[in-house]
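Trainee: Contents of entry.cif (mmCIF, C-alpha atoms and all ligand atoms) are below:
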data_upload
#
loop_
_atom_site.group_PDB
_atom_site.id
_atom_site.type_symbol
_atom_site.label_atom_id
_atom_site.label_comp_id
_atom_site.auth_asym_id
_atom_site.auth_seq_id
_atom_site.Cartn_x
_atom_site.Cartn_y
_atom_site.Cartn_z
ATOM 1 C CA MET A 1 -3.912 15.339 -15.199
ATOM 2 C CA LYS A 2 -1.674 12.658 -13.660
ATOM 3 C CA THR A 3 -2.505 8.967 -13.952
ATOM 4 C CA VAL A 4 -2.243 6.503 -11.088
ATOM 5 C CA GLY A 5 -2.043 2.867 -12.089
ATOM 6 C CA ILE A 6 -3.677 0.308 -9.841
ATOM 7 C CA LEU A 7 -2.250 -3.174 -9.981
ATOM 8 C CA ALA A 8 -5.292 -5.245 -10.927
ATOM 9 C CA LEU A 9 -4.110 -8.838 -10.696
ATOM 10 C CA GLN A 10 -5.974 -9.584 -7.467
ATOM 11 C CA GLY A 11 -7.564 -7.773 -4.523
ATOM 12 C CA ASP A 12 -9.654 -4.640 -4.088
ATOM 13 C CA PHE A 13 -8.467 -2.468 -6.964
ATOM 14 C CA GLU A 14 -11.934 -1.101 -7.808
ATOM 15 C CA ALA A 15 -12.292 0.871 -4.545
ATOM 16 C CA HIS A 16 -8.871 2.473 -5.143
ATOM 17 C CA ARG A 17 -9.976 3.672 -8.560
ATOM 18 C CA LYS A 18 -12.809 5.665 -6.990
ATOM 19 C CA ALA A 19 -10.555 6.984 -4.204
ATOM 20 C CA ILE A 20 -7.949 8.198 -6.718
ATOM 21 C CA GLU A 21 -10.617 9.937 -8.760
ATOM 22 C CA ARG A 22 -11.896 11.609 -5.560
ATOM 23 C CA ALA A 23 -8.321 12.791 -4.947
ATOM 24 C CA GLY A 24 -8.260 14.486 -8.342
ATOM 25 C CA ALA A 25 -6.195 12.141 -10.524
ATOM 26 C CA ARG A 26 -6.960 9.692 -13.297
ATOM 27 C CA ALA A 27 -6.913 5.959 -12.464
ATOM 28 C CA ALA A 28 -5.938 3.091 -14.772
ATOM 29 C CA GLU A 29 -5.950 -0.648 -14.143
ATOM 30 C CA VAL A 30 -2.522 -2.225 -14.622
ATOM 31 C CA ARG A 31 -1.941 -5.814 -15.702
ATOM 32 C CA THR A 32 1.138 -5.469 -17.951
ATOM 33 C CA ALA A 33 4.520 -3.691 -17.780
ATOM 34 C CA GLU A 34 3.471 -1.508 -20.696
ATOM 35 C CA GLN A 35 0.342 -0.320 -18.870
ATOM 36 C CA MET A 36 2.435 0.274 -15.747
ATOM 37 C CA ASN A 37 5.038 2.377 -17.514
ATOM 38 C CA ALA A 38 2.346 4.634 -18.957
ATOM 39 C CA CYS A 39 1.436 5.723 -15.401
ATOM 40 C CA ASP A 40 2.903 8.433 -13.141
ATOM 41 C CA GLY A 41 2.510 6.368 -9.966
ATOM 42 C CA LEU A 42 1.219 2.977 -8.905
ATOM 43 C CA ILE A 43 -0.963 1.504 -6.161
ATOM 44 C CA LEU A 44 -0.454 -2.038 -4.928
ATOM 45 C CA PRO A 45 -3.870 -2.789 -3.392
ATOM 46 C CA GLY A 46 -4.896 -4.985 -0.494
ATOM 47 C CA GLY A 47 -5.656 -8.631 -1.058
ATOM 48 C CA GLU A 48 -3.471 -11.643 -0.450
ATOM 49 C CA SER A 49 0.224 -10.838 -0.773
ATOM 50 C CA THR A 50 1.301 -14.449 -1.379
ATOM 51 C CA THR A 51 -1.126 -14.773 -4.297
ATOM 52 C CA MET A 52 -0.109 -11.377 -5.680
ATOM 53 C CA LEU A 53 3.552 -12.326 -5.504
ATOM 54 C CA LYS A 54 2.819 -15.541 -7.401
ATOM 55 C CA LEU A 55 0.829 -13.691 -10.081
ATOM 56 C CA LEU A 56 3.506 -10.994 -10.391
ATOM 57 C CA GLY A 57 6.033 -13.758 -11.028
ATOM 58 C CA LEU A 58 3.829 -15.502 -13.608
ATOM 59 C CA GLU A 59 3.221 -12.224 -15.450
ATOM 60 C CA ASN A 60 6.952 -11.319 -15.346
ATOM 61 C CA LEU A 61 6.153 -8.107 -13.492
ATOM 62 C CA ILE A 62 8.627 -8.282 -10.593
ATOM 63 C CA GLU A 63 11.564 -6.658 -12.401
ATOM 64 C CA PRO A 64 9.419 -4.002 -14.178
ATOM 65 C CA LEU A 65 7.881 -3.156 -10.787
ATOM 66 C CA ARG A 66 11.310 -2.772 -9.135
ATOM 67 C CA GLU A 67 12.460 -0.543 -11.990
ATOM 68 C CA PHE A 68 9.263 1.510 -11.854
ATOM 69 C CA GLY A 69 9.870 2.038 -8.130
ATOM 70 C CA GLN A 70 13.371 3.435 -8.791
ATOM 71 C CA LYS A 71 11.809 6.350 -10.663
ATOM 72 C CA LYS A 72 8.165 6.784 -9.708
ATOM 73 C CA PRO A 73 5.980 6.685 -6.567
ATOM 74 C CA ILE A 74 4.391 3.473 -5.338
ATOM 75 C CA TYR A 75 1.742 3.236 -2.613
ATOM 76 C CA GLY A 76 1.168 -0.164 -0.992
ATOM 77 C CA THR A 77 -2.049 -0.825 0.944
ATOM 78 C CA CYS A 78 -2.029 -3.745 3.412
ATOM 79 C CA ALA A 79 -0.946 -6.677 1.181
ATOM 80 C CA GLY A 80 0.697 -3.992 -0.988
ATOM 81 C CA ALA A 81 2.630 -2.744 2.066
ATOM 82 C CA ILE A 82 3.846 -6.313 2.563
ATOM 83 C CA LEU A 83 5.014 -6.428 -1.069
ATOM 84 C CA ILE A 84 7.060 -3.220 -0.912
ATOM 85 C CA ALA A 85 8.646 -3.885 2.508
ATOM 86 C CA ARG A 86 12.270 -4.900 2.996
ATOM 87 C CA GLU A 87 11.555 -7.769 5.422
ATOM 88 C CA VAL A 88 8.431 -9.887 5.812
ATOM 89 C CA SER A 89 7.744 -12.297 8.667
ATOM 90 C CA HIS A 90 4.982 -14.584 9.930
ATOM 91 C CA PRO A 91 5.588 -16.301 7.595
ATOM 92 C CA ALA A 92 8.596 -14.902 5.738
ATOM 93 C CA GLN A 93 8.279 -14.351 1.991
ATOM 94 C CA PRO A 94 10.188 -12.476 -0.710
ATOM 95 C CA SER A 95 9.354 -8.812 -1.295
ATOM 96 C CA LEU A 96 10.273 -5.873 -3.523
ATOM 97 C CA ASP A 97 12.405 -4.061 -0.930
ATOM 98 C CA LEU A 98 11.325 -0.576 -1.994
ATOM 99 C CA MET A 99 10.819 0.756 1.547
ATOM 100 C CA ASP A 100 13.064 0.249 4.550
ATOM 101 C CA ILE A 101 10.383 -1.323 6.752
ATOM 102 C CA GLY A 102 9.898 -4.738 8.325
ATOM 103 C CA VAL A 103 6.346 -6.111 8.506
ATOM 104 C CA GLU A 104 4.711 -8.985 10.315
ATOM 105 C CA ARG A 105 1.750 -10.436 8.408
ATOM 106 C CA ASN A 106 -1.675 -11.074 9.982
ATOM 107 C CA ALA A 107 -0.288 -9.556 13.125
ATOM 108 C CA TYR A 108 -3.509 -8.675 14.958
ATOM 109 C CA GLY A 109 -4.380 -12.357 15.425
ATOM 110 C CA ARG A 110 -7.376 -14.437 14.421
ATOM 111 C CA GLN A 111 -9.850 -13.066 16.947
ATOM 112 C CA VAL A 112 -9.546 -9.532 15.616
ATOM 113 C CA ASP A 113 -9.261 -10.351 11.928
ATOM 114 C CA SER A 114 -10.777 -6.998 11.064
ATOM 115 C CA HIS A 115 -11.447 -3.853 13.025
ATOM 116 C CA ILE A 116 -12.142 -0.167 12.571
ATOM 117 C CA ALA A 117 -10.227 2.340 14.662
ATOM 118 C CA LYS A 118 -9.692 6.060 14.970
ATOM 119 C CA ILE A 119 -6.013 6.678 14.390
ATOM 120 C CA SER A 120 -4.014 9.810 15.071
ATOM 121 C CA VAL A 121 -2.272 11.449 12.149
ATOM 122 C CA ASP A 122 1.181 12.900 12.913
ATOM 123 C CA GLY A 123 1.779 14.633 9.596
ATOM 124 C CA ASN A 124 -0.588 16.532 7.299
ATOM 125 C CA GLY A 125 -1.715 18.935 10.009
ATOM 126 C CA GLY A 126 -2.610 16.144 12.425
ATOM 127 C CA GLY A 127 -6.159 15.155 13.308
ATOM 128 C CA GLU A 128 -7.871 11.792 13.346
ATOM 129 C CA LEU A 129 -8.633 9.320 10.626
ATOM 130 C CA GLU A 130 -11.010 6.369 10.565
ATOM 131 C CA ALA A 131 -8.974 3.306 9.588
ATOM 132 C CA VAL A 132 -10.249 -0.095 8.456
ATOM 133 C CA PHE A 133 -7.878 -2.977 9.217
ATOM 134 C CA ILE A 134 -8.480 -6.330 7.487
ATOM 135 C CA ARG A 135 -6.116 -9.165 8.435
ATOM 136 C CA ALA A 136 -3.567 -6.411 8.575
ATOM 137 C CA PRO A 137 0.177 -6.600 9.046
ATOM 138 C CA ILE A 138 1.987 -4.617 11.745
ATOM 139 C CA ILE A 139 5.016 -2.551 10.777
ATOM 140 C CA ARG A 140 7.583 -3.812 13.318
ATOM 141 C CA ARG A 141 10.602 -1.869 12.100
ATOM 142 C CA VAL A 142 11.079 1.440 10.303
ATOM 143 C CA GLY A 143 14.462 2.514 8.938
ATOM 144 C CA SER A 144 15.917 5.957 9.684
ATOM 145 C CA GLY A 145 14.784 7.328 6.299
ATOM 146 C CA VAL A 146 11.157 6.420 6.937
ATOM 147 C CA ARG A 147 8.657 8.995 8.180
ATOM 148 C CA VAL A 148 5.694 7.831 10.258
ATOM 149 C CA LEU A 149 2.506 9.697 9.296
ATOM 150 C CA ALA A 150 0.065 7.879 11.595
ATOM 151 C CA ARG A 151 0.045 5.330 14.397
ATOM 152 C CA HIS A 152 -2.432 2.902 15.929
ATOM 153 C CA GLN A 153 -1.803 1.446 19.394
ATOM 154 C CA GLY A 154 1.715 2.872 19.148
ATOM 155 C CA ASP A 155 2.614 1.053 15.913
ATOM 156 C CA PRO A 156 3.191 2.896 12.620
ATOM 157 C CA VAL A 157 0.257 2.349 10.222
ATOM 158 C CA TRP A 158 0.968 5.051 7.609
ATOM 159 C CA VAL A 159 4.576 5.575 6.529
ATOM 160 C CA GLU A 160 6.468 7.214 3.701
ATOM 161 C CA GLN A 161 10.012 7.108 2.419
ATOM 162 C CA GLY A 162 10.952 9.405 -0.446
ATOM 163 C CA GLN A 163 8.377 8.920 -3.177
ATOM 164 C CA HIS A 164 6.940 5.726 -1.681
ATOM 165 C CA MET A 165 4.153 5.274 0.833
ATOM 166 C CA ALA A 166 2.435 2.426 2.675
ATOM 167 C CA THR A 167 -0.591 1.953 4.933
ATOM 168 C CA THR A 168 -1.558 -1.181 6.816
ATOM 169 C CA PHE A 169 -5.209 -0.036 6.722
ATOM 170 C CA HIS A 170 -7.607 0.526 3.809
ATOM 171 C CA PRO A 171 -8.361 4.228 3.175
ATOM 172 C CA GLU A 172 -10.068 3.288 -0.099
ATOM 173 C CA LEU A 173 -12.937 1.837 1.953
ATOM 174 C CA THR A 174 -13.822 5.061 3.782
ATOM 175 C CA GLY A 175 -14.929 8.312 2.183
ATOM 176 C CA ASP A 176 -11.874 10.179 3.514
ATOM 177 C CA ALA A 177 -9.593 11.138 0.607
ATOM 178 C CA ARG A 178 -6.638 12.448 2.676
ATOM 179 C CA VAL A 179 -4.388 9.410 2.248
ATOM 180 C CA HIS A 180 -4.903 9.185 -1.519
ATOM 181 C CA GLN A 181 -4.498 12.960 -1.786
ATOM 182 C CA HIS A 182 -1.147 12.722 -0.040
ATOM 183 C CA PHE A 183 -0.061 10.113 -2.587
ATOM 184 C CA VAL A 184 -1.326 12.158 -5.543
ATOM 185 C CA GLU A 185 0.821 15.061 -4.276
ATOM 186 C CA LYS A 186 3.911 12.865 -4.755
ATOM 187 C CA LEU A 187 3.294 12.377 -8.504
HETATM 188 N N1 LIG B 201 -3.368 -10.855 5.243
HETATM 189 C C1 LIG B 201 -3.017 -10.412 3.920
HETATM 190 C C2 LIG B 201 -1.585 -10.818 3.563
HETATM 191 O O1 LIG B 201 -0.866 -11.260 4.405
HETATM 192 C C3 LIG B 201 -3.194 -8.919 3.771
HETATM 193 C C4 LIG B 201 -4.633 -8.531 3.998
HETATM 194 C C5 LIG B 201 -5.100 -7.330 3.225
HETATM 195 O O2 LIG B 201 -4.492 -6.880 2.268
HETATM 196 N N2 LIG B 201 -6.250 -6.835 3.608
HETATM 197 O O3 LIG B 201 -1.198 -10.712 2.448
#
Let me see the file written as structure tokens.
Ligand code: GLN
Mentor:
Amino acid sequence: MKTVGILALQGDFEAHRKAIERAGARAAEVRTAEQMNACDGLILPGGESTTMLKLLGLENLIEPLREFGQKKPIYGTCAGAILIAREVSHPAQPSLDLMDIGVERNAYGRQVDSHIAKISVDGNGGGELEAVFIRAPIIRRVGSGVRVLARHQGDPVWVEQGQHMATTFHPELTGDARVHQHFVEKL
């Protein structure tokens, strides 16, 4: 059975553990490079990307994470999507540049901090998915190598590029295992 590491420095890593197990893989919390390298793939959970970036720096995990991403799949959820993007705005901050996307942080504005929406899935046989957005970014740019798997209000909210994947919503908070299953298939 494959093992998916979940970066457990900050944010909602516990819900991802359950979602990965529902998708048929083993889950392991990751706090060191050694723990990371023992995994077949990695999830960067939601939370606060600025704080995560700071903690990644303090724990000397930035370089190991970049190297991991050269070989193995990474899935970024919300703050995690911000971390793996190429460009980050509103405000700008450094990122891992593992996917050719540009994201704008907290892009839905203060009044709609969080919302639940039915989104349409383009890939995976189509259909609808219930998506929870929490102070979510909007993906403003996708490079030519990026495939859009779902949109909300016209903007991409689930994208993949090679072995990597990102969502601006939180599939770990709903019972629907399709998004995690899609990631597990990449391992
Ligand atoms: N607003 C957060 C950020 O900019 C992301 C929110 C989330 O992960 N739910 O990092």
Trainee: Could you tell me which residues the PyMOL selection byres (((chain A and resi 19) around 8) and not hetatm) grabs in this file, written as JSON, numbers by chain?
Mentor: {"A": [15, 16, 17, 18, 20, 21, 22, 23, 172, 175, 177, 180]}
Trainee: Suppose you want the space between CA of Ser95 in chain A and CA of Arg26 in chain A; what is it in Å?
Mentor: 27.4 Å
Trainee: Hey, can you check how far CA of Glu130 in chain A sits from CA of Lys118 in chain A?
Mentor: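 Rounded to one decimal, the two atoms are 4.6 Å apart.
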Trainee: Of the candidates A:Glu14, A:Glu128, A:Asp155, A:Glu185, which shows the shortest atom-to-atom distance to Asp40 in chain A, using all atoms listed in the file?
Mentor: A:Glu185
Trainee: Report as a list in words the full result of the PyMOL selection byres (((not hetatm)) within 8 of (chain B and resi 201)) when it is applied to this structure.
Mentor: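 Taken over the shown coordinates, the PyMOL selection byres (((not hetatm)) within 8 of (chain B and resi 201)) returns Gly11, Pro45, Gly46, Gly47, Glu48, Ser49, Thr50, Thr51, Thr77, Cys78, Ala79, Gly80, Ile82, Arg105, Asn106, Phe133, Ile134, Arg135, Ala136, Pro137, Thr168, Phe169 and His170 of chain A.
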Trainee: How many Å separate CA of Leu65 in chain A from CA of Asn37 in chain A?
Mentor: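 Computed distance, CA of Leu65 in chain A to CA of Asn37 in chain A, equals 9.2 Å.
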Trainee: On this structure, which residues satisfy the PyMOL selection byres (((chain A and resi 142) around 9) and not hetatm), written as a list in words?
Mentor: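 Answer for the PyMOL selection byres (((chain A and resi 142) around 9) and not hetatm): Met99, Asp100, Ile101, Gly102, Ile139, Arg140, Arg141, Gly143, Ser144, Gly145, Val146, Arg147, Val148, Pro156 and Val159 of chain A.
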Trainee: Nearest residue to Asp113 in chain A out of A:Glu59, A:Gly162, A:Val132, A:Glu67, using all atoms listed in the file?
Mentor: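 Closest candidate: A:Val132.
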Trainee: Within 10 Å of (-4.3, 17.5, -13.7) in the file's own coordinates, which protein, DNA or RNA residues have an atom, counting all atoms listed in the file? List them as a list in words.
Mentor: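 With a cut-off of 10 Å, the residues come to Met1, Lys2, Thr3, Gly24, Ala25 and Arg26 of chain A.
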Trainee: The residues within 10 Å of (13.6, 7.7, -3.2), using only C-alpha atoms and the coordinates of the file, should be reported as a list in words; which are they?
Mentor: Gly69, Gln70, Lys71, Lys72, Pro73, Leu98, Met99, Gly145, Glu160, Gln161, Gly162, Gln163 and His164 of chain A
Trainee: Which residue out of A:Met36, A:Ala117, A:Val30, A:Met165 has the minimum interatomic distance to Arg151 in chain A when all atoms listed in the file are used?
Mentor: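 Selected residue with least distance to Arg151 in chain A: A:Ala117.
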Trainee: What lies within 12 Å of Gln35 in chain A using only C-alpha atoms, ignoring chain neighbours under 2 positions off, as a list in words?
Mentor: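 Non-adjacent residues within range: Thr3, Val4, Gly5, Ile6, Leu7, Ala8, Ala27, Ala28, Glu29, Val30, Arg31, Thr32, Ala33, Asn37, Ala38, Cys39, Asp40, Gly41, Leu42, Leu61, Pro64, Leu65 and Phe68 of chain A.
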Trainee: Out of A:Leu96, A:Ile116, A:Ile74, A:Ile84, which residue has the shortest atom-to-atom distance to Leu173 in chain A when counting all atoms listed in the file?
Mentor: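 Under the stated criterion, the closest residue is A:Ile116.
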